[in-house]
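**Q** Please read through the structure below; I'll follow up with questions.
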Amino acid sequence: MKTSVGIEALAVALPRRTLHLEDLARARGVDPAKYVAGLGVREMAVADAGEDTVALAATAARRLLEANQIDPATIGLLAVGTETGVDHSKPVASFVQGLVGLPRHMRVFDVQHACYGGTAALMAAAEWIASGVAGGKSAIVICSDIARYGVKTAGEPTQGAGAVAMLVSAHPDLLSFDLGLNGTSSAHVFDFWRPLGRREAVVDGHYSIDCYLEALAGAYREWRGKAEARELVRRGASALPSEQLAALAYHVPFCKMAKKAHGRLRRCDLDDVLGAFDEGREEREAASSFERQVAHSLTLCARVGNVYTGSLYLGLAGMMQEGAAALAGKRIGLFSYGSGCASEFFSGVVGTAAAARIQRAKLNEVVGSRERITVDEYERLMALAADRPPEIPPPPGGFRFTGIHEHRRQYSAG
Ligand code: HMG
C-alpha cells in the first residue's frame with residue numbers, strides 16, 4: 001500500500017481540576033514514594049459532574065477544528081473510542097457531531113473495547129482513507145474517558161480523565177502510519193471490566209499487568225516479523241530491532257507500566273535475536289534506552305493519570321511536544337492495550353511539520369491552567385451523583401453537561 005495516511009493534527013481537553021498524588025498518598029497513610037516513584041504518577045485529573053465524556057470529547061474536537069482551521073465539510077467520518085459513554089444507545093460521537101456542528105453526510109459511531117477502543121477507531125479511519133472509499137475526505141477520531149476505580153481502592157492512584165481528538169487524513173503531518181504492519185494480540189480474559197450499571201471498574205490489578213505484558217509480546221513479535229520482511233528493522237544489526245525505532249509510546253495506565261512494557265519488549269528481542277544475554281548489562285541498557293526512547297512520552301501522562309482510550313495518544317502528544325523536531329522523518333512504535341483484552345503494536349514515521357502542528361495544541365496551556373484541589377474536594381466530587389448538574393459555567397471554547405430534560409442530556413458551550 002503506497003498511500004500516506006495517518007494523524008495530521010491533535011488536540012487535548014482535560015478536566016479543570018487536578019489532584020497531586022503526594023497529597024492523596026498522605027491522606028491514605030501511604031508513603032508518597034509509592035505513588036510518585038513506585039507507580040510513576042505525579043498528578044491525576046479529576047472530572048466534575050459537568051465534565052462528562054461528551055463534554056471532554058466535544059471540547060477536544062472544537063479545539064482541533066479551530067486550531068487547525070479545518071473546514072467541517074471536509075470531514076466524512078467521526079469515531080469516538082470510549083468505555084465510559086453516557087447512554088446505552090446513543091453514541092458519544094452523535095452528541096459531538098451536533099455540539100461542534102459537523103456535517104450531516106458522514107459516518108458517526110463509537111467503538112468500545114476498554115482502552116483499545118480508540119485504536120480500533122483510529123485504524124478503521126486510517127484504512128477507510130487508504131482504501132480510497134473516503135473519496136478525499138478526512139476523519140476525526142476522539143478518545144474520551146473518565147477512569148474511576150473508587151475512593152480508597154488499590155486502583156485509586158491510577159485514575160484520571162481527558163480526551164484526545166485526532167484529525168486522520170492523507171496529509172499526516174504528525175505521524176504517517178506503516179499501514180499493513182500492525183501486530184495484534186487479543187484474548188478473552190477478566191483482568192479489568194465494568195459490569196452494566198457500575199460507575200467503577202472491577203479490576204484484578206496484578207493479573208491485568210501480566211495480561212498487558214503478554215499481549216505486548218504477542219503484538220510486538222507479529223509487528224516485528226512484518227517489519228523485518230519489509231526491511232524496516234533488521235536482526236544482526238548492532239542495535240536490537242526495537243532499538244531501531246527512534247521512540248516508543250505505550251498505553252500508560254500509570255507511568256511505571258511503560259517501564260515494565262519497555263523491559264518486556266526488549267526481552268522479546270533479546271530472547272529471539274540473541275538467545276543468551278547478560279542480565280546486569282541488560283538492566284543498564286534497558287534504563288538508558290528507556291530514557292532515550294520512552295521518557296518523553298510520559299511527560300503529560302504523569303500529570304494526568306489514566307485516560308483509558310486516550311492514554312496512548314496523550315503519550316504521543318507528550319512525545320511530540322518534547323521532541324517532534326528531532327524525530328522528524330524517523331520511525332516510532334506505539335502499543336495500544338485494552339483490557340478484556342485486545343492490543344495492537346503499530347508504527348509510523350514522524351512528519352517534518354510535526355513540531356509546528358503540535359504547537360497548535362497549546363499543551364502547556366491545557367495542562368498548566370488547571371487548579372490543584374485538596375483530597376477533601378476530590379472526595380466531594382467523587383461522591384456527587386453521576387448526572388448532577390454542574391456548579392460552574394463552561395470555559396471559553398469548551399462544553400459542559402448541564403442536566404437532563406425529558407431524558408435528553410443537555411450541554412452548553414462557553
Ligand atoms: P498495589 O498492589 O497497591 O501496588 O497496586 P504495588 O504493591 O504493586 O506497588 C506498586 C509499585 O510501587 C511497585 O513497583 C512497588 O515495588 C512500588 P514494581 O515492583 O511494580 O516496579 N512501591 C514503592 N516504590 C517506592 N517507594 C515505596 C514503595 N512501595 C511500593 N515506598 C496496581 C498497583 C497497579 C495493581 C493498582 O493500582 C491497580 O489495580 N490499578 C488499576 C489496574 C491497572 O492500572 N492495570 C494496568 C494494566 S491493565 C491496563 O492497562 C488496562 C486499563 O487501562 C483499563 C482498560 O483497558 O480499559 C487499566
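Residues in the C-alpha cells are named by chain (A, B, ... in the order shown) and by number from 1 within that chain; ligands are numbered from 1 in the order shown.
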Hey, which residues come within 6 Å of ligand 1 if we count only C-alpha atoms and all ligand atoms? Could you give them as a PyMOL selection string?

**A** chain A and resi 31+33-34+37-39+114-115+154-155+158+205-206+208-209+212+253+308+338-339

**Q** If we count only C-alpha atoms and set the cut-off at 6 Å, which residues sit around Pro32 (chain A), ignoring sequence neighbours fewer than 3 positions away in its own chain? Please answer as a list in words.

**A**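 Skipping anything fewer than 3 positions along the chain leaves Glu22, Ala25 and Tyr35 of chain A.
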
**Q** Take the residues from that selection and write them out as a short mmCIF file (atom, residue, chain, number, x, y, z; two decimals), in the first residue's frame, keeping N, CA and C atoms.

**A**
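Everything below was put into part_14.cif:
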data_model
loop_
_atom_site.label_atom_id
_atom_site.label_comp_id
_atom_site.auth_asym_id
_atom_site.auth_seq_id
_atom_site.Cartn_x
_atom_site.Cartn_y
_atom_site.Cartn_z
N GLU A 22 1.01 13.04 45.80
CA GLU A 22 1.64 13.04 47.13
C GLU A 22 0.60 13.44 48.18
N ALA A 25 -1.51 10.32 48.73
CA ALA A 25 -0.77 9.31 49.50
C ALA A 25 -0.80 9.65 50.99
N TYR A 35 3.45 6.11 45.24
CA TYR A 35 2.68 6.61 44.10
C TYR A 35 3.59 7.32 43.09
#

**Q** Looking only at helix (DSSP H, G or I) from DSSP on the backbone, list the matching residues of region 147-296 of chain A as a PyMOL selection string.

**A** chain A and resi 156-158+205-229+241-244+255-274+279-293+295-296

**Q** Write out as a ChimeraX atom specification all residues of region 68-229 of chain A that DSSP puts in strand (DSSP E) for this structure's backbone.

**A** /A:75-81,107-111,138-147,160-169,175-177,183-186,192-193,202-203

**Q** What lies within 10 Å of Ala386 (chain A) using only C-alpha atoms, ignoring chain neighbours under 5 positions off, as a count of residues only?

**A** 7

**Q** Got a sec: who's within 9 Å of region 318-328 of chain A, counting only C-alpha atoms, leaving out chain neighbours fewer than 2 positions off, as a CSV table (one decimal) with N, CA and C atoms, in the first residue's frame?

**A**
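Contents of result05.csv, freshly written:
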chain,number,residue,atom,x,y,z
A,174,LEU,N,1.7,14.9,11.5
A,174,LEU,CA,2.3,14.4,12.8
A,174,LEU,C,2.9,13.0,12.6
A,246,ALA,N,13.0,5.1,16.7
A,246,ALA,CA,13.6,6.3,17.3
A,246,ALA,C,12.9,6.5,18.7
A,247,ALA,N,11.7,6.2,18.8
A,247,ALA,CA,11.0,6.4,20.1
A,247,ALA,C,9.8,5.4,20.2
A,248,LEU,N,9.3,5.2,21.4
A,248,LEU,CA,8.2,4.3,21.6
A,248,LEU,C,7.2,4.9,22.6
A,249,ALA,N,5.9,4.7,22.3
A,249,ALA,CA,4.9,5.1,23.2
A,249,ALA,C,4.0,3.9,23.5
A,294,VAL,N,11.6,6.3,25.5
A,294,VAL,CA,10.3,6.3,26.0
A,294,VAL,C,10.0,7.5,26.9
A,295,ALA,N,11.0,8.0,27.7
A,295,ALA,CA,10.7,9.0,28.7
A,295,ALA,C,9.9,10.2,28.3
A,296,HIS,N,10.1,10.7,27.0
A,296,HIS,CA,9.4,11.9,26.6
A,296,HIS,C,7.9,11.7,26.5
A,297,SER,N,7.5,10.4,26.2
A,297,SER,CA,6.1,10.1,26.1
A,297,SER,C,5.3,10.2,27.4
A,298,LEU,N,6.0,10.3,28.5
A,298,LEU,CA,5.4,10.2,29.8
A,298,LEU,C,5.1,11.6,30.4
A,299,THR,N,5.6,12.7,29.8
A,299,THR,CA,5.6,14.0,30.5
A,299,THR,C,4.1,14.4,30.8
A,300,LEU,N,3.2,14.2,29.8
A,300,LEU,CA,1.8,14.6,30.0
A,300,LEU,C,1.1,13.5,30.9
A,301,CYS,N,1.3,12.3,30.6
A,301,CYS,CA,0.7,11.2,31.3
A,301,CYS,C,0.9,11.3,32.8
A,313,TYR,N,-2.4,8.1,23.3
A,313,TYR,CA,-2.4,9.3,22.4
A,313,TYR,C,-1.9,10.5,23.2
A,314,LEU,N,-2.2,10.5,24.5
A,314,LEU,CA,-1.6,11.6,25.4
A,314,LEU,C,-0.1,11.4,25.4
A,315,GLY,N,0.3,10.1,25.4
A,315,GLY,CA,1.7,9.8,25.4
A,315,GLY,C,2.3,10.3,24.1
A,316,LEU,N,1.6,10.0,23.0
A,316,LEU,CA,2.1,10.5,21.7
A,316,LEU,C,2.2,12.0,21.6
A,330,LYS,N,11.7,10.2,11.3
A,330,LYS,CA,12.1,8.9,11.9
A,330,LYS,C,10.9,8.0,12.3
A,331,ARG,N,11.2,6.7,12.4
A,331,ARG,CA,10.1,5.8,12.6
A,331,ARG,C,9.9,5.6,14.2
A,332,ILE,N,8.7,5.6,14.6
A,332,ILE,CA,8.4,5.3,16.1
A,332,ILE,C,7.4,4.2,16.2
A,349,VAL,N,6.0,7.0,10.7
A,349,VAL,CA,7.1,8.0,10.5
A,349,VAL,C,6.6,9.4,10.9
A,350,VAL,N,7.4,10.0,11.7
A,350,VAL,CA,7.0,11.4,12.2
A,350,VAL,C,7.2,12.4,11.0
A,351,GLY,N,6.2,13.3,10.9
A,351,GLY,CA,6.2,14.2,9.7
A,351,GLY,C,7.2,15.4,10.0
A,352,THR,N,7.6,16.0,8.9
A,352,THR,CA,8.5,17.1,9.0
A,352,THR,C,7.8,18.4,9.6
A,353,ALA,N,6.5,18.4,9.5
A,353,ALA,CA,5.7,19.5,10.0
A,353,ALA,C,5.2,19.2,11.5
A,354,ALA,N,5.6,18.1,12.1
A,354,ALA,CA,5.1,17.7,13.4
A,354,ALA,C,5.3,18.8,14.4
A,355,ALA,N,6.4,19.4,14.5
A,355,ALA,CA,6.7,20.4,15.5
A,355,ALA,C,5.8,21.6,15.4
A,356,ALA,N,5.5,22.0,14.2
A,356,ALA,CA,4.6,23.2,14.0
A,356,ALA,C,3.2,22.8,14.4
A,358,ILE,N,2.1,20.4,16.5
A,358,ILE,CA,1.8,20.1,17.9
A,358,ILE,C,1.8,21.4,18.7
A,359,GLN,N,2.5,22.4,18.2
A,359,GLN,CA,2.4,23.8,18.9
A,359,GLN,C,1.0,24.3,18.9
A,363,LEU,N,-0.3,22.6,24.4
A,363,LEU,CA,-0.4,21.6,25.5
A,363,LEU,C,0.0,22.2,26.9

**Q** Just the number, please: distance in Å from CA of Gln410 (chain A) to CA of Met44 (chain A), one decimal.

**A**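 Taking CA of Gln410 (chain A) as the start and CA of Met44 (chain A) as the end point, the length is 26.8 Å.
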
**Q** Using only C-alpha atoms, can you tell me which of A:Gly225, A:Gly197, A:Gly397, A:Gly348 comes closest to His88 (chain A)?

**A**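 Looking at the shortest contact to His88 (chain A), the residue is A:Gly197.
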
**Q** Near Asp204 (chain A), counting only C-alpha atoms, which residues have an atom at most 7 Å away, once you skip same-chain residues fewer than 3 positions from it, shown as a list in words?

**A**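 So, after excluding close chain neighbours, the residues are Asp191, Phe192, Tyr207 and Ser208 of chain A.
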
**Q** Quick check, in Å to one decimal: how far apart do CA of Glu377 (chain A) and CA of Val30 (chain A) lie?

**A**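 One can read the CA of Glu377 (chain A) to CA of Val30 (chain A) distance as 19.1 Å.
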
**Q** Can you pull out every residue within 8 Å of region 58-63 of chain A, counting only C-alpha atoms, but drop anything in the same chain fewer than 4 positions away, and send it as a list of chain:residue names?

**A** A:Ala11, A:Val12, A:Ala13, A:Val54, A:Ala67, A:Phe95, A:Val96, A:Leu99, A:Val100, A:Ile140, A:Ile142, A:Ala163, A:Val164, A:Ala165, A:Ala361, A:Gly397, A:Gly398, A:Phe399

**Q** Go ahead and write the selection's residues with N, CA, C and O atoms as a PDB file, in the first residue's frame.

**A**
ATOM      1  N   ALA A  11      -5.592  17.475  19.350  1.00  0.00           N
ATOM      2  CA  ALA A  11      -5.923  18.462  20.390  1.00  0.00           C
ATOM      3  C   ALA A  11      -6.345  17.701  21.635  1.00  0.00           C
ATOM      4  O   ALA A  11      -6.833  16.564  21.544  1.00  0.00           O
ATOM      5  N   VAL A  12      -6.156  18.321  22.793  1.00  0.00           N
ATOM      6  CA  VAL A  12      -6.413  17.651  24.070  1.00  0.00           C
ATOM      7  C   VAL A  12      -7.358  18.500  24.927  1.00  0.00           C
ATOM      8  O   VAL A  12      -7.263  19.722  24.935  1.00  0.00           O
ATOM      9  N   ALA A  13      -8.270  17.828  25.630  1.00  0.00           N
ATOM     10  CA  ALA A  13      -9.110  18.516  26.627  1.00  0.00           C
ATOM     11  C   ALA A  13      -8.976  17.775  27.952  1.00  0.00           C
ATOM     12  O   ALA A  13      -9.008  16.531  27.970  1.00  0.00           O
ATOM     13  N   VAL A  54     -18.783  13.217  27.038  1.00  0.00           N
ATOM     14  CA  VAL A  54     -19.210  14.008  25.873  1.00  0.00           C
ATOM     15  C   VAL A  54     -18.586  15.397  25.912  1.00  0.00           C
ATOM     16  O   VAL A  54     -18.041  15.883  24.907  1.00  0.00           O
ATOM     17  N   ALA A  67      -8.059  25.240  16.024  1.00  0.00           N
ATOM     18  CA  ALA A  67      -6.606  25.472  15.989  1.00  0.00           C
ATOM     19  C   ALA A  67      -6.023  25.141  14.619  1.00  0.00           C
ATOM     20  O   ALA A  67      -5.014  25.706  14.207  1.00  0.00           O
ATOM     21  N   PHE A  95     -23.497  13.005  19.988  1.00  0.00           N
ATOM     22  CA  PHE A  95     -23.545  14.282  20.718  1.00  0.00           C
ATOM     23  C   PHE A  95     -22.500  15.245  20.137  1.00  0.00           C
ATOM     24  O   PHE A  95     -22.770  16.411  19.900  1.00  0.00           O
ATOM     25  N   VAL A  96     -21.295  14.730  19.916  1.00  0.00           N
ATOM     26  CA  VAL A  96     -20.190  15.585  19.453  1.00  0.00           C
ATOM     27  C   VAL A  96     -20.515  16.163  18.079  1.00  0.00           C
ATOM     28  O   VAL A  96     -20.278  17.356  17.821  1.00  0.00           O
ATOM     29  N   LEU A  99     -22.834  19.028  18.722  1.00  0.00           N
ATOM     30  CA  LEU A  99     -22.272  20.139  19.508  1.00  0.00           C
ATOM     31  C   LEU A  99     -21.266  20.955  18.703  1.00  0.00           C
ATOM     32  O   LEU A  99     -21.227  22.181  18.816  1.00  0.00           O
ATOM     33  N   VAL A 100     -20.422  20.288  17.892  1.00  0.00           N
ATOM     34  CA  VAL A 100     -19.392  21.057  17.183  1.00  0.00           C
ATOM     35  C   VAL A 100     -19.805  21.409  15.752  1.00  0.00           C
ATOM     36  O   VAL A 100     -19.052  22.052  15.035  1.00  0.00           O
ATOM     37  N   ILE A 140     -12.290  12.411  11.904  1.00  0.00           N
ATOM     38  CA  ILE A 140     -11.905  12.824  13.262  1.00  0.00           C
ATOM     39  C   ILE A 140     -12.122  11.622  14.175  1.00  0.00           C
ATOM     40  O   ILE A 140     -13.197  11.003  14.164  1.00  0.00           O
ATOM     41  N   ILE A 142     -11.790  10.525  18.193  1.00  0.00           N
ATOM     42  CA  ILE A 142     -11.632  11.089  19.545  1.00  0.00           C
ATOM     43  C   ILE A 142     -11.580   9.946  20.549  1.00  0.00           C
ATOM     44  O   ILE A 142     -12.386   9.007  20.486  1.00  0.00           O
ATOM     45  N   ALA A 163      -9.614  13.854  27.075  1.00  0.00           N
ATOM     46  CA  ALA A 163      -9.935  13.475  25.692  1.00  0.00           C
ATOM     47  C   ALA A 163      -8.825  13.937  24.766  1.00  0.00           C
ATOM     48  O   ALA A 163      -8.250  15.015  24.946  1.00  0.00           O
ATOM     49  N   VAL A 164      -8.543  13.101  23.763  1.00  0.00           N
ATOM     50  CA  VAL A 164      -7.590  13.458  22.704  1.00  0.00           C
ATOM     51  C   VAL A 164      -8.345  13.334  21.378  1.00  0.00           C
ATOM     52  O   VAL A 164      -8.887  12.263  21.074  1.00  0.00           O
ATOM     53  N   ALA A 165      -8.406  14.422  20.626  1.00  0.00           N
ATOM     54  CA  ALA A 165      -9.063  14.397  19.310  1.00  0.00           C
ATOM     55  C   ALA A 165      -7.983  14.427  18.238  1.00  0.00           C
ATOM     56  O   ALA A 165      -7.019  15.198  18.347  1.00  0.00           O
ATOM     57  N   ALA A 361      -1.616  22.761  19.472  1.00  0.00           N
ATOM     58  CA  ALA A 361      -2.426  22.143  20.529  1.00  0.00           C
ATOM     59  C   ALA A 361      -2.261  22.865  21.869  1.00  0.00           C
ATOM     60  O   ALA A 361      -3.011  22.591  22.810  1.00  0.00           O
ATOM     61  N   GLY A 397     -14.687  28.343  24.803  1.00  0.00           N
ATOM     62  CA  GLY A 397     -14.274  27.319  23.830  1.00  0.00           C
ATOM     63  C   GLY A 397     -14.582  25.906  24.268  1.00  0.00           C
ATOM     64  O   GLY A 397     -14.338  24.960  23.523  1.00  0.00           O
ATOM     65  N   GLY A 398     -15.115  25.731  25.486  1.00  0.00           N
ATOM     66  CA  GLY A 398     -15.366  24.374  25.980  1.00  0.00           C
ATOM     67  C   GLY A 398     -16.859  24.076  26.089  1.00  0.00           C
ATOM     68  O   GLY A 398     -17.701  24.933  25.860  1.00  0.00           O
ATOM     69  N   PHE A 399     -17.175  22.839  26.439  1.00  0.00           N
ATOM     70  CA  PHE A 399     -18.558  22.401  26.634  1.00  0.00           C
ATOM     71  C   PHE A 399     -18.707  21.823  28.028  1.00  0.00           C
ATOM     72  O   PHE A 399     -17.733  21.288  28.582  1.00  0.00           O
TER      73      PHE A 399
END

**Q** So which residues touch region 239-243 of chain A within 8 Å, counting only C-alpha atoms, skipping near sequence neighbours fewer than 2 positions away, as a tab-separated table (two decimals) with N, CA and C atoms, in the first residue's frame?

**A**
chain	number	residue	atom	x	y	z
A	224	ARG	N	7.05	-7.08	14.42
A	224	ARG	CA	8.48	-7.20	14.09
A	224	ARG	C	8.70	-8.11	12.89
A	233	VAL	N	13.23	-2.98	9.93
A	233	VAL	CA	14.17	-3.27	11.03
A	233	VAL	C	14.91	-4.54	10.64
A	234	ARG	N	16.13	-4.68	11.22
A	234	ARG	CA	16.95	-5.83	10.83
A	234	ARG	C	17.51	-6.54	12.05
A	235	ARG	N	17.54	-7.85	12.00
A	235	ARG	CA	18.29	-8.60	13.02
A	235	ARG	C	19.75	-8.61	12.62
A	236	GLY	N	20.62	-8.77	13.59
A	236	GLY	CA	22.03	-8.87	13.24
A	236	GLY	C	22.68	-7.51	13.12
A	237	ALA	N	21.90	-6.43	13.20
A	237	ALA	CA	22.49	-5.09	13.20
A	237	ALA	C	23.07	-4.85	14.60
A	245	LEU	N	13.83	1.68	16.38
A	245	LEU	CA	12.75	2.67	16.40
A	245	LEU	C	13.27	3.88	17.19
A	246	ALA	N	13.03	5.08	16.66
A	246	ALA	CA	13.60	6.27	17.31
A	246	ALA	C	12.93	6.54	18.65
A	265	LEU	N	9.46	-5.64	26.03
A	265	LEU	CA	9.71	-5.51	24.59
A	265	LEU	C	11.15	-5.89	24.26
A	266	ARG	N	12.07	-5.34	25.04
A	266	ARG	CA	13.49	-5.64	24.81
A	266	ARG	C	13.76	-7.13	25.02
A	269	ASP	N	13.19	-9.17	22.00
A	269	ASP	CA	14.32	-9.09	21.06
A	269	ASP	C	15.50	-9.92	21.57
A	270	LEU	N	15.79	-9.77	22.86
A	270	LEU	CA	16.96	-10.46	23.41
A	270	LEU	C	16.79	-11.98	23.30
A	273	VAL	N	16.49	-12.81	19.32
A	273	VAL	CA	17.60	-12.42	18.44
A	273	VAL	C	18.93	-12.92	18.99
A	289	SER	N	18.02	3.00	27.37
A	289	SER	CA	17.15	3.08	26.19
A	289	SER	C	15.77	3.60	26.58

**Q** Could you work out how far CA of Ala55 (chain A) lies from CA of Leu102 (chain A), giving the answer in Å with one decimal?

**A** 15.5 Å

**Q** Write out, as JSON lines, each residue of region 239-328 of chain A that has an atom at most 12 Å from region 121-131 of chain A, together with the closest pair of atoms and their distance in Å to one decimal, counting only C-alpha atoms, rows going by chain and rising number.

**A**
{"residue": "A:Thr309", "atom": "CA", "partner": "A:Ala121", "partner_atom": "CA", "distance": 10.2}
{"residue": "A:Gly310", "atom": "CA", "partner": "A:Leu122", "partner_atom": "CA", "distance": 11.3}
{"residue": "A:Leu312", "atom": "CA", "partner": "A:Leu122", "partner_atom": "CA", "distance": 11.9}
{"residue": "A:Tyr313", "atom": "CA", "partner": "A:Leu122", "partner_atom": "CA", "distance": 10.6}
